[in-house]
>>> print(open('upload_31.cif').read())   # mmCIF, C-alpha atoms
data_upload
loop_
_atom_site.label_atom_id
_atom_site.label_comp_id
_atom_site.auth_asym_id
_atom_site.auth_seq_id
_atom_site.Cartn_x
_atom_site.Cartn_y
_atom_site.Cartn_z
CA MET A 1 83.37 118.80 127.14
CA ARG A 2 81.60 121.60 129.04
CA ILE A 3 79.63 121.12 132.23
CA ILE A 4 77.66 123.35 134.58
CA GLN A 5 76.49 122.95 138.14
CA CYS A 6 72.94 123.72 139.22
CA LEU A 7 70.45 123.22 141.99
CA HIS A 8 68.16 120.25 141.38
CA ASP A 9 65.76 118.97 144.03
CA GLY A 10 67.60 121.10 146.59
CA ALA A 11 71.07 119.69 145.90
CA ALA A 12 74.03 120.70 143.75
CA ARG A 13 74.31 118.56 140.61
CA ALA A 14 76.69 118.70 137.67
CA ALA A 15 75.19 118.63 134.19
CA LEU A 16 76.64 118.12 130.72
CA VAL A 17 76.01 120.97 128.27
CA GLU A 18 74.49 119.26 125.21
CA ASP A 19 73.68 122.47 123.32
CA ASP A 20 72.79 126.11 123.94
CA ASN A 21 69.36 125.20 125.27
CA ARG A 22 69.70 121.87 127.03
CA VAL A 23 71.83 120.22 129.71
CA ARG A 24 71.86 116.59 130.84
CA LEU A 25 72.00 115.99 134.58
CA THR A 26 74.54 113.75 136.30
CA GLU A 27 74.04 111.89 139.56
CA ALA A 28 76.53 113.99 141.57
CA ASP A 29 78.11 117.43 141.96
CA THR A 30 81.34 118.44 140.21
CA TYR A 31 83.50 118.03 143.30
CA THR A 32 82.32 114.45 143.82
CA LEU A 33 82.93 113.60 140.17
CA ALA A 34 86.43 115.10 140.32
CA ARG A 35 87.24 113.08 143.44
CA ARG A 36 86.00 109.93 141.68
CA ALA A 37 88.27 110.64 138.71
CA ILE A 38 91.28 111.19 140.97
CA ALA A 39 90.62 107.99 142.94
CA ALA A 40 90.09 105.90 139.80
CA GLY A 41 92.93 107.43 137.82
CA ARG A 42 90.52 108.11 134.96
CA PRO A 43 89.92 111.25 132.84
CA LEU A 44 87.18 113.43 134.28
CA ALA A 45 85.30 113.41 130.97
CA GLU A 46 84.90 109.61 131.25
CA VAL A 47 83.65 109.89 134.83
CA VAL A 48 81.12 112.55 133.82
CA GLU A 49 79.81 110.38 130.99
CA ALA A 50 79.47 107.40 133.30
CA ALA A 51 77.46 109.50 135.78
CA LEU A 52 74.94 110.86 133.27
CA THR A 53 71.25 110.32 133.96
CA GLU A 54 68.35 110.47 131.52
CA THR A 55 67.16 113.79 132.99
CA ARG A 56 67.51 116.77 130.69
CA LEU A 57 66.87 120.34 131.83
CA ASP A 58 66.11 123.57 129.99
CA TYR A 59 69.23 125.75 130.22
CA GLY A 60 67.30 128.99 129.88
CA GLN A 61 64.91 127.99 132.64
CA LEU A 62 67.83 127.29 134.99
CA ILE A 63 69.05 130.82 134.32
CA ASP A 64 65.63 132.43 134.73
CA GLU A 65 65.04 130.60 138.00
CA ARG A 66 68.53 131.52 139.33
CA ARG A 67 69.40 127.85 139.82
CA LEU A 68 72.89 128.10 138.34
CA LEU A 69 75.80 127.54 140.73
CA PRO A 70 79.52 128.09 140.23
CA PRO A 71 80.70 125.07 138.20
CA LEU A 72 82.93 123.84 141.05
CA THR A 73 82.19 124.29 144.76
CA HIS A 74 83.11 122.78 148.12
CA ASP A 75 80.50 122.03 150.78
CA ASP A 76 82.65 123.95 153.28
CA PRO A 77 83.55 127.40 151.86
CA ALA A 78 86.59 127.53 154.15
CA HIS A 79 88.08 124.73 152.06
CA CYS A 80 87.89 126.74 148.83
CA LEU A 81 90.75 129.18 148.31
CA VAL A 82 90.33 132.00 145.75
CA THR A 83 93.52 133.61 144.44
CA GLY A 84 95.01 135.09 141.29
CA THR A 85 97.97 136.48 139.41
CA GLY A 86 98.36 139.89 137.79
CA LEU A 87 100.50 141.41 135.04
CA THR A 88 100.31 138.14 133.13
CA HIS A 89 98.81 139.31 129.83
CA LEU A 90 100.45 141.25 127.03
CA GLY A 91 99.23 144.81 127.50
CA SER A 92 98.39 144.41 131.18
CA ALA A 93 101.41 146.42 132.30
CA ASP A 94 100.34 149.37 130.14
CA THR A 95 96.90 149.28 131.74
CA ARG A 96 98.35 149.10 135.25
CA ALA A 97 100.97 151.77 134.55
CA SER A 98 98.35 154.17 133.18
CA MET A 99 96.38 153.78 136.42
CA HIS A 100 99.49 154.75 138.38
CA ALA A 101 100.75 157.35 135.89
CA LYS A 102 100.21 160.36 138.16
CA ALA A 103 102.19 158.85 140.99
CA GLN A 104 105.01 157.89 138.65
CA ALA A 105 105.02 161.01 136.44
CA ASP A 106 108.33 162.31 137.74
CA GLU A 107 110.18 159.00 137.74
CA SER A 108 112.50 158.14 134.90
CA GLU A 109 112.91 154.50 135.87
CA LEU A 110 110.48 151.68 135.21
CA THR A 111 107.58 151.38 137.62
CA ASP A 112 107.42 148.29 139.80
CA SER A 113 104.53 147.10 137.62
CA MET A 114 106.63 147.41 134.48
CA ARG A 115 109.53 145.61 136.16
CA MET A 116 107.24 142.75 137.14
CA PHE A 117 105.74 142.57 133.66
CA LYS A 118 109.20 142.62 132.04
CA LEU A 119 110.26 139.76 134.32
CA GLY A 120 107.32 137.71 133.05
CA VAL A 121 107.97 138.50 129.38
CA GLU A 122 111.59 137.43 129.76
CA GLY A 123 111.07 134.39 131.97
CA GLY A 124 107.38 133.49 132.22
CA LYS A 125 107.52 130.72 129.61
CA PRO A 126 110.41 128.52 130.73
CA ALA A 127 111.76 125.54 128.85
CA THR A 128 110.68 122.08 129.97
CA GLY A 129 112.29 121.19 133.28
CA GLU A 130 113.14 124.78 134.17
CA THR A 131 111.47 127.12 136.67
CA GLY A 132 110.08 130.34 135.24
CA ALA A 133 109.75 133.82 136.66
CA GLN A 134 107.53 134.23 139.69
CA PRO A 135 104.38 136.27 138.93
CA GLU A 136 102.52 138.78 141.03
CA TRP A 137 100.11 136.88 143.32
CA PHE A 138 97.08 137.96 145.34
CA TYR A 139 94.44 136.53 147.65
CA LYS A 140 90.71 137.20 147.27
CA GLY A 141 89.13 135.09 149.98
CA ASP A 142 87.57 131.70 150.58
CA GLY A 143 84.49 130.20 148.95
CA ASP A 144 82.21 132.76 150.61
CA CYS A 145 83.51 135.44 148.22
CA VAL A 146 82.27 133.50 145.16
CA VAL A 147 79.00 134.68 143.58
CA ALA A 148 77.02 132.34 141.33
CA PRO A 149 76.48 133.27 137.66
CA GLU A 150 73.47 135.61 137.28
CA ALA A 151 73.54 136.47 141.01
CA PRO A 152 74.18 140.04 142.26
CA MET A 153 77.79 141.04 142.93
CA PRO A 154 77.90 142.78 146.34
CA VAL A 155 79.83 146.04 146.62
CA PRO A 156 80.76 146.97 150.21
CA ALA A 157 79.81 150.45 151.42
CA PHE A 158 83.47 151.31 152.04
CA ALA A 159 84.49 150.50 148.44
CA GLU A 160 85.87 153.29 146.25
CA ASP A 161 85.16 151.48 142.98
CA ALA A 162 83.47 148.37 141.59
CA GLY A 163 85.17 147.24 138.41
CA GLU A 164 85.11 144.05 136.35
CA GLU A 165 88.17 142.05 135.34
CA PRO A 166 87.45 139.54 132.54
CA GLU A 167 89.76 136.57 133.04
CA LEU A 168 90.25 132.86 132.74
CA ALA A 169 90.13 130.91 135.98
CA GLY A 170 91.71 127.55 136.65
CA LEU A 171 89.66 125.23 138.89
CA TYR A 172 91.45 122.61 141.00
CA VAL A 173 90.90 119.85 143.54
CA ILE A 174 93.72 118.62 145.79
CA GLY A 175 94.01 114.83 145.98
CA ASP A 176 94.34 112.88 149.22
CA ASP A 177 98.12 112.71 148.69
CA GLY A 178 98.44 116.50 148.28
CA GLN A 179 98.66 116.38 144.47
CA PRO A 180 96.84 119.28 142.75
CA TRP A 181 94.52 118.26 139.92
CA ARG A 182 93.14 120.72 137.40
CA VAL A 183 89.43 120.05 136.94
CA GLY A 184 89.13 122.56 134.09
CA TYR A 185 88.82 126.21 133.17
CA ALA A 186 86.04 128.79 133.35
CA ILE A 187 85.33 132.38 132.42
CA GLY A 188 85.92 134.58 135.44
CA ASN A 189 85.06 138.07 136.62
CA GLU A 190 87.78 138.70 139.18
CA PHE A 191 86.24 142.07 140.23
CA SER A 192 88.37 144.66 142.03
CA ASP A 193 88.43 148.14 143.55
CA HIS A 194 90.69 150.00 141.14
CA ILE A 195 90.52 153.40 142.84
CA THR A 196 91.87 151.85 146.02
CA GLU A 197 94.61 150.15 144.01
CA ARG A 198 95.47 153.32 142.07
CA PHE A 199 96.02 155.37 145.23
CA ASN A 200 99.05 153.23 146.04
CA TYR A 201 99.94 149.84 144.59
CA LEU A 202 100.71 148.65 148.13
CA TRP A 203 96.93 148.71 148.58
CA LEU A 204 96.55 146.13 145.82
CA ALA A 205 95.92 143.50 148.49
CA HIS A 206 93.00 145.56 149.85
CA SER A 207 91.58 146.13 146.37
CA LYS A 208 91.34 142.40 145.71
CA LEU A 209 89.34 141.53 148.84
CA ARG A 210 86.05 141.64 146.98
CA HIS A 211 83.56 139.12 145.65
CA CYS A 212 84.05 137.41 142.28
CA SER A 213 82.23 135.10 139.89
CA PHE A 214 83.14 132.37 137.43
CA GLY A 215 81.28 130.10 135.05
CA PRO A 216 78.62 129.29 134.22
CA GLU A 217 80.43 126.56 132.26
CA LEU A 218 83.54 124.58 133.07
CA LEU A 219 85.70 123.55 130.12
CA ILE A 220 87.23 120.08 130.55
CA GLY A 221 90.29 119.40 128.43
CA GLU A 222 92.99 121.44 126.75
CA LEU A 223 92.84 125.23 126.84
CA PRO A 224 92.89 126.84 123.36
CA ASP A 225 96.10 128.80 122.80
CA HIS A 226 94.26 131.88 121.51
CA LEU A 227 90.90 133.07 122.81
CA GLU A 228 88.91 136.16 121.90
CA GLY A 229 86.06 137.45 124.02
CA THR A 230 84.00 140.53 124.79
CA SER A 231 83.54 142.35 128.08
CA ARG A 232 80.63 144.76 128.47
CA ILE A 233 78.61 146.72 130.99
CA VAL A 234 74.86 147.03 130.52
CA ARG A 235 72.98 149.88 132.21
CA ASP A 236 69.19 150.21 132.06
CA GLY A 237 69.05 147.72 129.20
CA GLU A 238 71.61 149.57 127.05
CA THR A 239 75.29 148.79 126.50
CA LEU A 240 77.26 151.41 128.44
CA TRP A 241 80.73 150.08 127.58
CA GLU A 242 82.04 147.21 125.50
CA LYS A 243 85.52 146.05 124.55
CA PRO A 244 87.12 142.90 123.14
CA PHE A 245 89.74 141.05 125.15
CA LEU A 246 92.30 138.38 124.37
CA THR A 247 93.48 135.52 126.54
CA GLY A 248 95.07 132.10 126.22
CA GLU A 249 98.81 131.48 126.35
CA ALA A 250 99.43 133.10 122.96
CA ASN A 251 98.38 136.39 124.57
CA MET A 252 100.10 135.87 127.90
CA ALA A 253 103.59 136.53 129.23
CA HIS A 254 103.41 133.36 131.34
CA THR A 255 102.41 129.80 130.67
CA VAL A 256 99.54 128.43 132.72
CA ALA A 257 101.93 125.76 133.99
CA ASN A 258 104.29 128.44 135.32
CA LEU A 259 101.46 130.25 137.11
CA GLU A 260 100.28 126.96 138.59
CA HIS A 261 103.80 126.03 139.71
CA HIS A 262 104.27 129.25 141.65
CA HIS A 263 100.90 128.87 143.35
CA PHE A 264 101.04 125.21 144.32
CA LYS A 265 104.72 125.24 145.34
CA TYR A 266 103.49 126.31 148.77
CA PRO A 267 102.60 123.31 151.00
CA GLY A 268 99.67 125.22 152.50
CA PHE A 269 98.02 125.24 149.08
CA ARG A 270 98.22 121.46 148.76
CA ARG A 271 95.89 120.50 151.60
CA PRO A 272 94.05 117.27 150.70
CA GLY A 273 90.44 117.77 149.63
CA ASP A 274 90.62 121.54 149.12
CA VAL A 275 89.26 123.38 146.08
CA HIS A 276 91.27 126.19 144.47
CA VAL A 277 90.02 128.89 142.11
CA HIS A 278 92.95 130.73 140.52
CA PHE A 279 92.47 133.73 138.22
CA PHE A 280 95.03 134.14 135.43
CA GLY A 281 94.85 137.93 134.85
CA THR A 282 93.63 140.35 132.21
CA ALA A 283 94.62 143.42 130.20
CA THR A 284 91.12 144.87 129.65
CA LEU A 285 89.34 147.07 132.21
CA SER A 286 86.45 149.51 131.84
CA PHE A 287 88.05 151.52 134.65
CA ALA A 288 91.02 152.27 132.37
CA ASP A 289 88.51 153.95 130.01
CA GLY A 290 87.08 156.15 132.76
CA VAL A 291 83.90 154.14 133.41
CA GLN A 292 82.30 154.51 136.84
CA THR A 293 79.85 151.75 137.65
CA ARG A 294 76.71 152.13 139.75
CA ASP A 295 74.04 150.02 141.40
CA GLY A 296 72.16 147.81 138.94
CA ASP A 297 74.82 147.82 136.21
CA ARG A 298 75.32 144.33 134.77
CA PHE A 299 78.68 142.86 133.86
CA GLU A 300 78.70 140.50 130.87
CA ILE A 301 81.80 138.51 129.95
CA ASP A 302 81.51 136.48 126.78
CA LEU A 303 84.03 133.92 125.55
CA PRO A 304 82.44 131.76 122.82
CA ALA A 305 84.67 128.74 123.46
CA PHE A 306 83.22 128.61 126.98
CA GLY A 307 79.55 128.61 126.06
CA ARG A 308 77.11 130.87 127.90
CA THR A 309 78.00 134.42 128.94
CA LEU A 310 78.96 135.10 132.56
CA ARG A 311 76.56 137.78 133.83
CA ASN A 312 76.31 139.49 137.22
CA PRO A 313 74.47 142.69 138.22
CA LEU A 314 76.00 145.03 140.80
CA ALA A 315 74.40 145.50 144.22
CA PHE A 316 75.84 148.39 146.22
CA GLU A 317 75.53 148.17 150.00
CA ASP A 318 74.38 151.35 151.74
CA VAL A 319 75.80 150.91 155.21
CA ALA A 320 79.22 149.65 156.23
CA ALA A 321 79.19 146.84 158.75
CA ASP A 322 80.21 147.87 162.26
CA THR A 323 82.75 145.29 163.43
CA PRO A 324 84.35 146.44 166.70
CA VAL A 325 86.92 144.18 168.31
CA HIS A 326 86.24 143.17 171.91
CA SER A 327 88.85 142.16 174.45
CA LEU A 328 88.48 138.77 176.14
#
>>> encode(input="upload_31.cif", output="structure tokens")
Amino acid sequence: MRIIQCLHDGAARAALVEDDNRVRLTEADTYTLARRAIAAGRPLAEVVEAALTETRLDYGQLIDERRLLPPLTHDDPAHCLVTGTGLTHLGSADTRASMHAKAQADESELTDSMRMFKLGVEGGKPATGETGAQPEWFYKGDGDCVVAPEAPMPVPAFAEDAGEEPELAGLYVIGDDGQPWRVGYAIGNEFSDHITERFNYLWLAHSKLRHCSFGPELLIGELPDHLEGTSRIVRDGETLWEKPFLTGEANMAHTVANLEHHHFKYPGFRRPGDVHVHFFGTATLSFADGVQTRDGDRFEIDLPAFGRTLRNPLAFEDVAADTPVHSL
């Protein structure tokens, strides 16, 4: 089952994707439906089906009218935590190491990135009942950093780069007892500042404090083991750059369960009622191929198993915000 979330009569509503051109509205938003499923102890797919209305909407019209929303949201953005893990995909360490090659040119030992990647390859898929290797982890922001599908992706004036990262994202709701529940998966554009990161990997945390997008569709159910997609950048109506990417556990050094364990092991990430968006990493970046993006470029991330393409144009800000600190 795949669902979207859209604005209808001024409110967020979840809708079942019936085909490429039509969705069927439900009576509630995704968060409400997920909470119902948790409370009732029922599969989310059953709860969605029970909430369907007779109202069907034109999918293309929703896109044209910019009425698409991220497929899972919280009414209070402060209760949505956006995070991710890096160096999780086969090939991701090579990409990261090439970005840092100049700084590491005279070193004979493995870079820290390669060490972290090697740790995942050796211990990221533990046997049942065992704890696997801890992955790299980063914070992106709260729900205010999430951009809806089709909406412009803001680039702050102080940014050195604006680069896409095509990834899978896990979407979660925390139950009243602190139990994390996976609502489903979505295509994600994690979006980072790779020039800032390349200068020194200790600036990775800075490079991740950018907006992101995921959706438009949420996949409910099991994640396919092998997924093939395409990431591209469109400039002035023409494809500037395009490259295939692989994801799914067959192409990862970690299991999803291991990544989830090392995120939700922290009590602060199990606050009842919160929403979590967790990006699972990538190995494919236009930045690694020397692409420099500019205002108006459009990112397109296509993963057929997830329905519609995730698209976001870039919007560069001209002036950096002046935020002096005042003493009380």
>>> closest_atom_pairs(input="upload_31.cif", of="range 93-188 of chain A", to="range 263-266 of chain A", cutoff="10 Å", atoms="only C-alpha atoms", output="Markdown table")
| residue | atom | partner | partner_atom | distance |
| --- | --- | --- | --- | --- |
| A:Gln134 | CA | A:His263 | CA | 9.3 |
| A:Pro135 | CA | A:His263 | CA | 9.3 |
| A:Trp137 | CA | A:His263 | CA | 8.0 |
| A:Ile174 | CA | A:Phe264 | CA | 10.0 |
| A:Gly178 | CA | A:Phe264 | CA | 9.9 |
| A:Gln179 | CA | A:Phe264 | CA | 9.1 |
| A:Pro180 | CA | A:Phe264 | CA | 7.4 |
>>> atom_distance(input="upload_31.cif", atom1="CA of His261 in chain A", atom2="CA of Gly120 in chain A")
13.9 Å
>>> resolve_selection(input="upload_31.cif", expression="the PyMOL selection byres ((chain A and resi 79-82) around 12)", output="ChimeraX atom specification")
/A:31,72-78,83-85,137-147,169-174,188,190,208-214,263-264,268-280
>>> closest_atom_pairs(input="upload_31.cif", of="range 122-205 of chain A", to="range 281-288 of chain A", cutoff="10 Å", atoms="all atoms listed in the file", output="Markdown table")
| residue | atom | partner | partner_atom | distance |
| --- | --- | --- | --- | --- |
| A:Glu136 | CA | A:Gly281 | CA | 9.9 |
| A:Asp161 | CA | A:Phe287 | CA | 8.8 |
| A:Ala162 | CA | A:Phe287 | CA | 8.9 |
| A:Gly163 | CA | A:Phe287 | CA | 6.4 |
| A:Glu164 | CA | A:Leu285 | CA | 6.6 |
| A:Glu165 | CA | A:Leu285 | CA | 6.0 |
| A:Pro166 | CA | A:Thr282 | CA | 6.2 |
| A:Glu167 | CA | A:Thr282 | CA | 5.5 |
| A:Leu168 | CA | A:Gly281 | CA | 7.2 |
| A:Ala169 | CA | A:Gly281 | CA | 8.5 |
| A:Gly188 | CA | A:Gly281 | CA | 9.6 |
| A:Asn189 | CA | A:Thr282 | CA | 9.9 |
| A:Glu190 | CA | A:Gly281 | CA | 8.3 |
| A:Phe191 | CA | A:Leu285 | CA | 9.9 |
| A:Asp193 | CA | A:Phe287 | CA | 9.5 |
| A:His194 | CA | A:Phe287 | CA | 7.2 |
| A:Ile195 | CA | A:Phe287 | CA | 8.8 |
>>> closest_residue(input="upload_31.cif", among="A:Gly129, A:Gly229, A:Gly215, A:Pro70", to="Asp29 in chain A", atoms="all atoms listed in the file")
A:Pro70
>>> closest_residue(input="upload_31.cif", among="A:Gly296, A:Gly221, A:Pro149, A:Pro267", to="Thr309 in chain A", atoms="all atoms listed in the file")
A:Pro149
>>> resolve_selection(input="upload_31.cif", expression="the PyMOL selection byres ((chain A and resi 37) around 12)", output="list in words")
Thr30, Tyr31, Thr32, Leu33, Ala34, Arg35, Arg36, Ile38, Ala39, Ala40, Gly41, Arg42, Pro43, Leu44, Ala45, Glu46, Val47, Val48, Glu49, Ala50, Ala51, Val173, Ile174, Gly175, Trp181, Arg182 and Val183 of chain A
>>> atom_distance(input="upload_31.cif", atom1="CA of Asn21 in chain A", atom2="CA of Tyr59 in chain A")
5.0 Å
>>> decode(input="upload_31.cif", residues="range 152-202 of chain A", atoms="C-alpha atoms", output="short mmCIF file (atom, residue, chain, number, x, y, z; two decimals), in the first residue's frame")
data_model
loop_
_atom_site.label_atom_id
_atom_site.label_comp_id
_atom_site.auth_asym_id
_atom_site.auth_seq_id
_atom_site.Cartn_x
_atom_site.Cartn_y
_atom_site.Cartn_z
CA PRO A 152 11.42 24.96 -3.31
CA MET A 153 14.41 23.79 -1.27
CA PRO A 154 15.90 26.85 0.49
CA VAL A 155 19.66 27.34 0.34
CA PRO A 156 21.00 29.71 3.03
CA ALA A 157 23.20 32.59 1.89
CA PHE A 158 26.12 31.29 3.97
CA ALA A 159 26.05 27.85 2.29
CA GLU A 160 29.09 26.74 0.28
CA ASP A 161 27.19 24.09 -1.69
CA ALA A 162 23.68 22.75 -2.27
CA GLY A 163 23.78 19.08 -3.14
CA GLU A 164 21.19 16.30 -3.29
CA GLU A 165 21.45 12.98 -1.47
CA PRO A 166 18.99 10.36 -2.79
CA GLU A 167 18.05 8.10 0.09
CA LEU A 168 15.40 6.02 1.75
CA ALA A 169 13.81 7.50 4.85
CA GLY A 170 12.11 5.60 7.64
CA LEU A 171 9.05 7.35 9.11
CA TYR A 172 8.08 6.65 12.73
CA VAL A 173 5.58 7.55 15.45
CA ILE A 174 6.34 6.96 19.14
CA GLY A 175 3.52 5.30 21.06
CA ASP A 176 2.21 6.52 24.40
CA ASP A 177 4.37 3.90 26.16
CA GLY A 178 7.56 5.07 24.42
CA GLN A 179 7.56 2.24 21.85
CA PRO A 180 8.74 3.34 18.37
CA TRP A 181 6.48 2.26 15.51
CA ARG A 182 7.58 2.36 11.89
CA VAL A 183 4.78 3.88 9.81
CA GLY A 184 6.56 3.16 6.53
CA TYR A 185 9.26 4.26 4.13
CA ALA A 186 9.62 7.10 1.63
CA ILE A 187 12.03 8.41 -0.97
CA GLY A 188 14.16 11.12 0.58
CA ASN A 189 16.42 13.94 -0.55
CA GLU A 190 18.59 14.43 2.51
CA PHE A 191 20.35 17.50 0.98
CA SER A 192 23.71 18.65 2.32
CA ASP A 193 26.53 21.17 1.95
CA HIS A 194 29.36 18.99 0.66
CA ILE A 195 31.97 21.75 0.32
CA THR A 196 31.59 22.51 4.01
CA GLU A 197 31.89 18.80 4.80
CA ARG A 198 34.90 18.33 2.52
CA PHE A 199 36.90 21.09 4.21
CA ASN A 200 37.05 19.00 7.37
CA TYR A 201 34.89 16.02 8.27
CA LEU A 202 34.45 17.53 11.75
#
